[in-house]
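To keep things clear, I will list the structure first and then write my remarks on it.
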Amino acid sequence: MHATVAGKEILKGINLTIRDGEIHAIMGTNGAGKSTLSNVIVGNPQYEVTEGSITFNGQDLLAMKTEERAHAGIFMSFQTPIEIPGVSMTNFMRAAVNARRQAQGKEPLKSTDFLKIMREKRKLVEIDQKLMNRSVNEGFSGGEKKRNEIFQMAMLEPTFCILDETDSGLDVDALRIVAEGFNKLRTDETSAMVITHYQRLLDYIKPDVVHVLIDGKIVKTGGPDLALKIENEGFDWIKAELK
Amino acid sequence: MKSERQYIELYNEASSLIKQKSCPVMNSVRDAAFAVFEEKGFPSRKVERYKYTDVDAAFAPNYGISLGALELKPSKYIFSFKDSPIDLTPYYNKVADGSDALTALNTALAHEGLLIYVPKNERPSDPIKIDHFLRGTSATMMNRRVLIILEQGAEAIVIMNDRRISPAITEVEENGQQSHPDDTSSLTGREGVGRFLTTQVIEVVTKDNSHLDLYEIEETTPLCSRFSNVYIREGRDCSVKHNSITLYNGQTRNLCDVYLEGENSEVTLNGCAIGSGSQRIDNNTLIDHKAPNCQSNELYKYVVDDSSVGAFAGKILVEKGAQKTASQETNANLCASSQARMFTQPMLEIYADDVKCNHGSTVGVMDESALFYMRQRGIPEDDARTLLKNAFMGQVIDQISLEALRQLLYVKVEKRFRGELDKCEDCQLCK
């Protein structure tokens, strides 16, 4: 698959298969195309796929709208969660949960049921109730924003999750809470693509496969020890291999 | 493009009938007001305060003038001018700027007036609610005239609502088919059905230590044109809050002039304007700080979608003696489509040297990253847009102090953004 942003080719031929229940880590240098890959999968309109295809559970993702992909079970934890002034977390979540239910042909949740689910899921990621009455991500600390992403994941129960540098800007405790939250939410079918620069997150979320993305291509694939080696030695040895 | 010709002819033909239906206080200034209009004609777009609205074009169609009687439920505080408990001569057309051509036209043509009068130290327990229903079987012009007088120490909440009419009560066409007031195609069947032109002049006097909360809510149809001039003169220790809410309309041009004439007074101008289709909304305000130690706060927000056009021009004038003035003016706008247009012109003119004044305006577009974020969570694009527009306008509705009305407006604004408000209430044809 090839993709461009603002006319510039970023992904230059990606071949990647993620099976049910698998966790794939994507590591790579800055500007290698890691975020582009995630944005293309979820359908950010700013990115354009120029060649190739993306298939999810037999469905042609590229023919689906962003929201339809979400309804199909794809979720992305944003690298930089977006602030939406004036839209409360509660209303935002209600709209999202009910839109998904509608797509599945279910009735919207009753208000009491919805609030009950909110309460349960909040506990899972240890996120404060008072944040729920605030506008989406507005005035949230860096850690609260990332926790809020995992909270939304809990509410929406996706089957494929993309964690786009979820560890960036998190202290050790916050990282643990976020990662443990994710692990609690996982089922045997949940698959994930974890984008990170560091081994630290992978201590908590154990990958089955590790890929190295450099200059828009996956140049190396291995097991968990590949991440450890990168943590210790960086990417230079891989670049040297390529030459 | 000389639309005033037909109004001059109309006056020459109908003035004796108008005078006959009217009352002495209105008739005493009528001919003089007509002379002003005759001399000035409709203001062209070269006139600064009218540069965003083509008045001549709006008045060009052939409207029949409505000379129907006011329908008033008897109330302690609401009167027709004829039944006024006080002499209106010191107020009528004296609060207003008589040199404005549209005020002059209204003064010449209005045959009845509505008075809201709250005597000294009285506070009506309930809001005073006035509904204006537009009714007519052909293109109709209405000239509405309102005087609001609060005596010393009085307090009042006044809600004026320009309402759409359900076709069920308006007309059944000759061929027996009901037509919709928004449906322009019905105009071929019968010219001008559902087409209304309203001129309005509201004069407000608040005497010392009186407090007024005034709401004007427009929910009409795309076939309606509205030209409203509101003039407010405050004594000392007063507070006035004017809330101008344009939910649904055709062409609207609102002028609001406030004169802070006594010390320690306050005025708040709060505006919400929502345009879609080819609607036009033009608000033009002036806050004239004549006395020291007064405060003014102004917040107008617009959401313009499709190919609608919004305009805001607001001037804060601080006169020489008006020291310690504190003034804040904000106009924030959201252009929800690439065809929608917004003109904004905040103005400050200060002749005193010890004042605190801020003014600013913004014009923005939909936040694409927020839209993407919401869609990634599964919220369909249209719903995401509605949420963003609603959030943007929420700030103005938050300012509304009357709890029940605020809640109602949250619902109405959301309905408006969902496109549900262009269906009329109780309408058989919209369902």
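Naming works like this for the structure tokens: A, B, ... for the chains as they're shown, residue 1 at the start of each chain, ligands 1 onward in shown order.
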
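Residues of chain A having any atom within 6 Å of chain B, counting only C-alpha atoms, are Thr66, Glu67, Ala70, His71, Gly86, Val87, Ala96 and Ala99 of chain A.
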
Near region 348-364 of chain B, within 12 Å and counting only C-alpha atoms, which residues show up once chain neighbours fewer than 4 positions away are dropped, as a VMD selection string? chain B and resid 285 to 304 310 to 338 340 to 344 368 389 392

Selection file, C-alpha atoms, as a PDB file, in the first residue's frame:
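So out-v2.pdb came out as:
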```pdb
ATOM      1  CA  THR B 285     -25.267  48.003  16.987  1.00  0.00           C
ATOM      2  CA  LEU B 286     -24.195  51.202  18.698  1.00  0.00           C
ATOM      3  CA  ILE B 287     -23.464  51.578  22.390  1.00  0.00           C
ATOM      4  CA  ASP B 288     -23.094  55.239  23.237  1.00  0.00           C
ATOM      5  CA  HIS B 289     -21.464  55.846  26.605  1.00  0.00           C
ATOM      6  CA  LYS B 290     -22.654  59.357  27.439  1.00  0.00           C
ATOM      7  CA  ALA B 291     -22.235  59.157  31.224  1.00  0.00           C
ATOM      8  CA  PRO B 292     -19.302  58.045  33.392  1.00  0.00           C
ATOM      9  CA  ASN B 293     -18.958  54.772  35.321  1.00  0.00           C
ATOM     10  CA  CYS B 294     -21.027  52.673  32.941  1.00  0.00           C
ATOM     11  CA  GLN B 295     -20.374  49.191  31.681  1.00  0.00           C
ATOM     12  CA  SER B 296     -21.202  47.517  28.418  1.00  0.00           C
ATOM     13  CA  ASN B 297     -20.800  43.948  27.330  1.00  0.00           C
ATOM     14  CA  GLU B 298     -21.477  42.738  23.856  1.00  0.00           C
ATOM     15  CA  LEU B 299     -21.227  39.217  22.494  1.00  0.00           C
ATOM     16  CA  TYR B 300     -22.573  38.282  19.078  1.00  0.00           C
ATOM     17  CA  LYS B 301     -22.016  34.874  17.562  1.00  0.00           C
ATOM     18  CA  TYR B 302     -22.897  33.685  14.076  1.00  0.00           C
ATOM     19  CA  VAL B 303     -22.936  30.321  12.403  1.00  0.00           C
ATOM     20  CA  VAL B 304     -23.377  30.700   8.669  1.00  0.00           C
ATOM     21  CA  GLY B 310     -23.912  37.232   7.997  1.00  0.00           C
ATOM     22  CA  ALA B 311     -22.858  40.745   8.869  1.00  0.00           C
ATOM     23  CA  PHE B 312     -22.035  42.345  12.174  1.00  0.00           C
ATOM     24  CA  ALA B 313     -21.033  45.928  12.747  1.00  0.00           C
ATOM     25  CA  GLY B 314     -20.849  47.151  16.299  1.00  0.00           C
ATOM     26  CA  LYS B 315     -19.619  50.495  17.485  1.00  0.00           C
ATOM     27  CA  ILE B 316     -18.756  51.465  21.027  1.00  0.00           C
ATOM     28  CA  LEU B 317     -18.692  55.210  21.410  1.00  0.00           C
ATOM     29  CA  VAL B 318     -17.229  56.644  24.599  1.00  0.00           C
ATOM     30  CA  GLU B 319     -18.023  60.331  24.853  1.00  0.00           C
ATOM     31  CA  LYS B 320     -15.774  62.949  26.392  1.00  0.00           C
ATOM     32  CA  GLY B 321     -17.174  62.929  29.913  1.00  0.00           C
ATOM     33  CA  ALA B 322     -17.688  59.168  30.116  1.00  0.00           C
ATOM     34  CA  GLN B 323     -14.701  58.377  32.344  1.00  0.00           C
ATOM     35  CA  LYS B 324     -14.294  54.957  33.980  1.00  0.00           C
ATOM     36  CA  THR B 325     -16.182  53.310  31.161  1.00  0.00           C
ATOM     37  CA  ALA B 326     -15.648  49.554  30.969  1.00  0.00           C
ATOM     38  CA  SER B 327     -16.571  47.993  27.691  1.00  0.00           C
ATOM     39  CA  GLN B 328     -16.090  44.620  26.084  1.00  0.00           C
ATOM     40  CA  GLU B 329     -17.189  43.767  22.555  1.00  0.00           C
ATOM     41  CA  THR B 330     -16.786  40.365  20.969  1.00  0.00           C
ATOM     42  CA  ASN B 331     -18.014  39.019  17.662  1.00  0.00           C
ATOM     43  CA  ALA B 332     -17.131  35.391  16.920  1.00  0.00           C
ATOM     44  CA  ASN B 333     -18.213  33.640  13.778  1.00  0.00           C
ATOM     45  CA  LEU B 334     -18.151  30.215  12.258  1.00  0.00           C
ATOM     46  CA  CYS B 335     -18.366  29.758   8.512  1.00  0.00           C
ATOM     47  CA  ALA B 336     -19.583  26.185   8.181  1.00  0.00           C
ATOM     48  CA  SER B 337     -19.328  26.038   4.387  1.00  0.00           C
ATOM     49  CA  SER B 338     -17.009  27.501   1.813  1.00  0.00           C
ATOM     50  CA  ALA B 340     -21.073  31.117   3.375  1.00  0.00           C
ATOM     51  CA  ARG B 341     -19.840  34.650   3.953  1.00  0.00           C
ATOM     52  CA  MET B 342     -19.352  36.716   7.062  1.00  0.00           C
ATOM     53  CA  PHE B 343     -18.608  40.415   7.328  1.00  0.00           C
ATOM     54  CA  THR B 344     -17.504  41.751  10.664  1.00  0.00           C
ATOM     55  CA  GLU B 368     -11.255  19.554  10.692  1.00  0.00           C
ATOM     56  CA  LYS B 389     -21.923  24.244  15.744  1.00  0.00           C
ATOM     57  CA  PHE B 392     -19.956  27.158  19.360  1.00  0.00           C
TER      58      PHE B 392
END
```

Identify all residues of region 4-229 of chain B in strand (DSSP E or B) (DSSP on the backbone) and supply them as a ChimeraX atom specification. /B:64-65,78-80,114-118,128-133,140-150,155-163,172,178,196-206,211-219,224-229

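When only C-alpha atoms are used to measure the gap to Ile245 (chain B), the shortest distance among B:Ile397, B:Ala156, B:Leu223, B:Ala57 belongs to B:Ile397.
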
If you count only C-alpha atoms, which residues fall within 8 Å of Lys184 (chain A), apart from same-chain ones fewer than 3 positions away, as a PyMOL selection string? chain A and resi 124+180-181

Write to file, as a PDB file, in the first residue's frame, the residues of the selection just made, with C-alpha atoms.
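Result file is selection_32.pdb:
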```pdb
ATOM      1  CA  LEU A 124     -10.990   0.609  34.700  1.00  0.00           C
ATOM      2  CA  GLU A 180      -2.904  -2.065  32.262  1.00  0.00           C
ATOM      3  CA  GLY A 181      -6.213  -0.519  31.217  1.00  0.00           C
TER       4      GLY A 181
END
```

Write out as a PyMOL selection string each polymer residue whose atoms come within 12 Å of region 220-226 of chain A, counting only C-alpha atoms; drop sequence neighbours fewer than 3 positions from it. chain A and resi 14-17+23-28+198-199+202-203+205-214+217+229-235+237-239+241-242

Can you list, as a PyMOL selection string, every protein, DNA or RNA residue that comes within 7 Å of region 157-161 of chain B when you count only C-alpha atoms, leaving out same-chain residues fewer than 6 positions away? chain B and resi 127-132+212-218

Can those selected residues be exported to a file as a PDB file, in the first residue's frame so that it contains N, CA and C atoms?
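As written to disk, part_39.pdb reads:
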```pdb
ATOM      1  N   PRO B 127     -42.696  36.821  33.133  1.00  0.00           N
ATOM      2  CA  PRO B 127     -42.213  37.545  31.948  1.00  0.00           C
ATOM      3  C   PRO B 127     -43.399  38.028  31.104  1.00  0.00           C
ATOM      4  N   ILE B 128     -43.198  39.167  30.470  1.00  0.00           N
ATOM      5  CA  ILE B 128     -44.230  39.686  29.566  1.00  0.00           C
ATOM      6  C   ILE B 128     -43.923  39.132  28.190  1.00  0.00           C
ATOM      7  N   LYS B 129     -44.853  38.368  27.641  1.00  0.00           N
ATOM      8  CA  LYS B 129     -44.546  37.655  26.407  1.00  0.00           C
ATOM      9  C   LYS B 129     -45.415  38.169  25.262  1.00  0.00           C
ATOM     10  N   ILE B 130     -44.774  38.577  24.199  1.00  0.00           N
ATOM     11  CA  ILE B 130     -45.500  39.068  23.025  1.00  0.00           C
ATOM     12  C   ILE B 130     -45.163  38.159  21.848  1.00  0.00           C
ATOM     13  N   ASP B 131     -46.174  37.575  21.239  1.00  0.00           N
ATOM     14  CA  ASP B 131     -45.954  36.768  20.038  1.00  0.00           C
ATOM     15  C   ASP B 131     -46.460  37.529  18.825  1.00  0.00           C
ATOM     16  N   HIS B 132     -45.585  37.627  17.839  1.00  0.00           N
ATOM     17  CA  HIS B 132     -46.027  38.231  16.585  1.00  0.00           C
ATOM     18  C   HIS B 132     -46.252  37.111  15.585  1.00  0.00           C
ATOM     19  N   LEU B 212     -34.190  45.841  32.901  1.00  0.00           N
ATOM     20  CA  LEU B 212     -34.973  45.200  31.840  1.00  0.00           C
ATOM     21  C   LEU B 212     -34.160  44.074  31.212  1.00  0.00           C
ATOM     22  N   ASP B 213     -34.840  42.956  31.018  1.00  0.00           N
ATOM     23  CA  ASP B 213     -34.273  41.822  30.301  1.00  0.00           C
ATOM     24  C   ASP B 213     -35.159  41.640  29.068  1.00  0.00           C
ATOM     25  N   LEU B 214     -34.636  41.979  27.911  1.00  0.00           N
ATOM     26  CA  LEU B 214     -35.465  41.971  26.696  1.00  0.00           C
ATOM     27  C   LEU B 214     -34.964  40.913  25.724  1.00  0.00           C
ATOM     28  N   TYR B 215     -35.857  40.039  25.301  1.00  0.00           N
ATOM     29  CA  TYR B 215     -35.503  38.983  24.358  1.00  0.00           C
ATOM     30  C   TYR B 215     -36.256  39.191  23.056  1.00  0.00           C
ATOM     31  N   GLU B 216     -35.538  39.121  21.971  1.00  0.00           N
ATOM     32  CA  GLU B 216     -36.205  39.115  20.670  1.00  0.00           C
ATOM     33  C   GLU B 216     -35.794  37.850  19.949  1.00  0.00           C
ATOM     34  N   ILE B 217     -36.757  37.023  19.653  1.00  0.00           N
ATOM     35  CA  ILE B 217     -36.456  35.750  19.024  1.00  0.00           C
ATOM     36  C   ILE B 217     -37.177  35.686  17.675  1.00  0.00           C
ATOM     37  N   GLU B 218     -36.417  35.470  16.630  1.00  0.00           N
ATOM     38  CA  GLU B 218     -37.046  35.360  15.309  1.00  0.00           C
ATOM     39  C   GLU B 218     -37.012  33.916  14.835  1.00  0.00           C
TER      40      GLU B 218
END
```

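Reported to one decimal place, the separation of CA of Met141 (chain B) from CA of Gly64 (chain B) is 5.8 Å.
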
Can you pull out every residue within 9 Å of Ile41 (chain A), counting only C-alpha atoms, but drop anything in the same chain fewer than 5 positions away, and send it as a VMD selection string? chain A and resid 36 54 61 to 62 69 74

Save out the residues we just selected, N, CA and C atoms, as a JSON list (two decimals), in the first residue's frame.
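The resulting selection.json:
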```json
[["chain", "number", "residue", "atom", "x", "y", "z"],
["A", 36, "THR", "N", 1.35, 8.04, 9.63],
["A", 36, "THR", "CA", 0.63, 8.00, 8.36],
["A", 36, "THR", "C", -0.07, 6.66, 8.21],
["A", 54, "ILE", "N", -6.60, -2.01, 1.77],
["A", 54, "ILE", "CA", -6.60, -2.38, 3.19],
["A", 54, "ILE", "C", -7.88, -3.17, 3.44],
["A", 61, "LEU", "N", -11.72, -1.59, 3.50],
["A", 61, "LEU", "CA", -11.75, -0.38, 4.34],
["A", 61, "LEU", "C", -11.74, 0.90, 3.53],
["A", 62, "LEU", "N", -11.02, 0.88, 2.42],
["A", 62, "LEU", "CA", -10.87, 2.13, 1.66],
["A", 62, "LEU", "C", -12.19, 2.59, 1.05],
["A", 69, "ARG", "N", -15.71, 2.79, 9.49],
["A", 69, "ARG", "CA", -14.58, 1.97, 9.94],
["A", 69, "ARG", "C", -14.62, 1.84, 11.46],
["A", 74, "ILE", "N", -12.78, -0.52, 14.53],
["A", 74, "ILE", "CA", -11.41, 0.02, 14.52],
["A", 74, "ILE", "C", -11.34, 1.25, 15.41]]
```

Which of region 233-377 of chain B end up as helix (DSSP H, G or I) when DSSP is run on this backbone - answer as a ChimeraX atom specification? /B:368-376

Those residues you just picked out, can you put them in a file as a PDB file, in the first residue's frame with N, CA and C atoms?
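Produced file again-v1.pdb, reproduced below:
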```
ATOM      1  N   GLU B 368     -11.334  20.846  11.388  1.00  0.00           N
ATOM      2  CA  GLU B 368     -11.255  19.554  10.692  1.00  0.00           C
ATOM      3  C   GLU B 368     -10.693  18.455  11.590  1.00  0.00           C
ATOM      4  N   SER B 369      -9.749  18.825  12.466  1.00  0.00           N
ATOM      5  CA  SER B 369      -9.166  17.780  13.308  1.00  0.00           C
ATOM      6  C   SER B 369     -10.188  17.288  14.340  1.00  0.00           C
ATOM      7  N   ALA B 370     -11.034  18.201  14.827  1.00  0.00           N
ATOM      8  CA  ALA B 370     -12.087  17.783  15.760  1.00  0.00           C
ATOM      9  C   ALA B 370     -13.113  16.897  15.044  1.00  0.00           C
ATOM     10  N   LEU B 371     -13.433  17.270  13.801  1.00  0.00           N
ATOM     11  CA  LEU B 371     -14.375  16.458  13.022  1.00  0.00           C
ATOM     12  C   LEU B 371     -13.836  15.042  12.829  1.00  0.00           C
ATOM     13  N   PHE B 372     -12.550  14.970  12.480  1.00  0.00           N
ATOM     14  CA  PHE B 372     -11.932  13.659  12.256  1.00  0.00           C
ATOM     15  C   PHE B 372     -11.934  12.838  13.548  1.00  0.00           C
ATOM     16  N   TYR B 373     -11.602  13.494  14.648  1.00  0.00           N
ATOM     17  CA  TYR B 373     -11.572  12.819  15.945  1.00  0.00           C
ATOM     18  C   TYR B 373     -12.944  12.217  16.264  1.00  0.00           C
ATOM     19  N   MET B 374     -13.983  13.010  16.064  1.00  0.00           N
ATOM     20  CA  MET B 374     -15.331  12.527  16.374  1.00  0.00           C
ATOM     21  C   MET B 374     -15.746  11.398  15.435  1.00  0.00           C
ATOM     22  N   ARG B 375     -15.380  11.532  14.175  1.00  0.00           N
ATOM     23  CA  ARG B 375     -15.746  10.479  13.206  1.00  0.00           C
ATOM     24  C   ARG B 375     -15.002   9.193  13.523  1.00  0.00           C
ATOM     25  N   GLN B 376     -13.736   9.313  13.975  1.00  0.00           N
ATOM     26  CA  GLN B 376     -12.998   8.100  14.340  1.00  0.00           C
ATOM     27  C   GLN B 376     -13.704   7.376  15.497  1.00  0.00           C
TER      28      GLN B 376
END
```

Considering only C-alpha atoms, return as a PyMOL selection string whatever protein or nucleic-acid residues lie within 10 Å of Tyr92 (chain B), sequence-local ones (same chain, fewer than 2 positions apart) excluded. chain B and resi 25-26+28-29+81+87-90+94-96+107+113+145-147+202-204

Export of prior selection with C-alpha atoms as a PDB file, in the first residue's frame:
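Contents of out_39.pdb, freshly written:
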```pdb
ATOM      1  CA  VAL B  25     -49.795  60.765  19.568  1.00  0.00           C
ATOM      2  CA  MET B  26     -48.843  58.811  16.450  1.00  0.00           C
ATOM      3  CA  SER B  28     -48.873  64.208  15.566  1.00  0.00           C
ATOM      4  CA  VAL B  29     -45.470  63.205  14.146  1.00  0.00           C
ATOM      5  CA  PHE B  81     -51.177  53.263  22.491  1.00  0.00           C
ATOM      6  CA  ASP B  87     -49.087  60.601  27.983  1.00  0.00           C
ATOM      7  CA  LEU B  88     -46.738  59.131  25.379  1.00  0.00           C
ATOM      8  CA  THR B  89     -45.801  62.420  23.723  1.00  0.00           C
ATOM      9  CA  PRO B  90     -42.483  62.763  25.643  1.00  0.00           C
ATOM     10  CA  LYS B  94     -38.181  60.816  20.712  1.00  0.00           C
ATOM     11  CA  VAL B  95     -36.246  57.848  21.996  1.00  0.00           C
ATOM     12  CA  ALA B  96     -35.658  56.750  18.414  1.00  0.00           C
ATOM     13  CA  THR B 107     -43.369  56.197  11.971  1.00  0.00           C
ATOM     14  CA  GLY B 113     -48.595  50.828  18.798  1.00  0.00           C
ATOM     15  CA  ARG B 145     -44.274  49.921  16.792  1.00  0.00           C
ATOM     16  CA  VAL B 146     -43.436  49.213  20.390  1.00  0.00           C
ATOM     17  CA  LEU B 147     -42.705  51.417  23.370  1.00  0.00           C
ATOM     18  CA  ILE B 202     -38.904  49.486  19.513  1.00  0.00           C
ATOM     19  CA  GLU B 203     -38.254  52.417  21.810  1.00  0.00           C
ATOM     20  CA  VAL B 204     -37.096  51.582  25.311  1.00  0.00           C
TER      21      VAL B 204
END
```

A straight line from CA of Asn91 (chain A) to CA of Glu420 (chain B) spans 19.8 Å

Record the distance separating CA of Phe79 (chain B) and CA of Leu402 (chain B), expressed in Å with one decimal. 23.9 Å

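Nearest to Met1 (chain A) of all the residues A:Glu149, A:Glu48, A:Glu83, A:Glu22 is A:Glu48, counting only C-alpha atoms.
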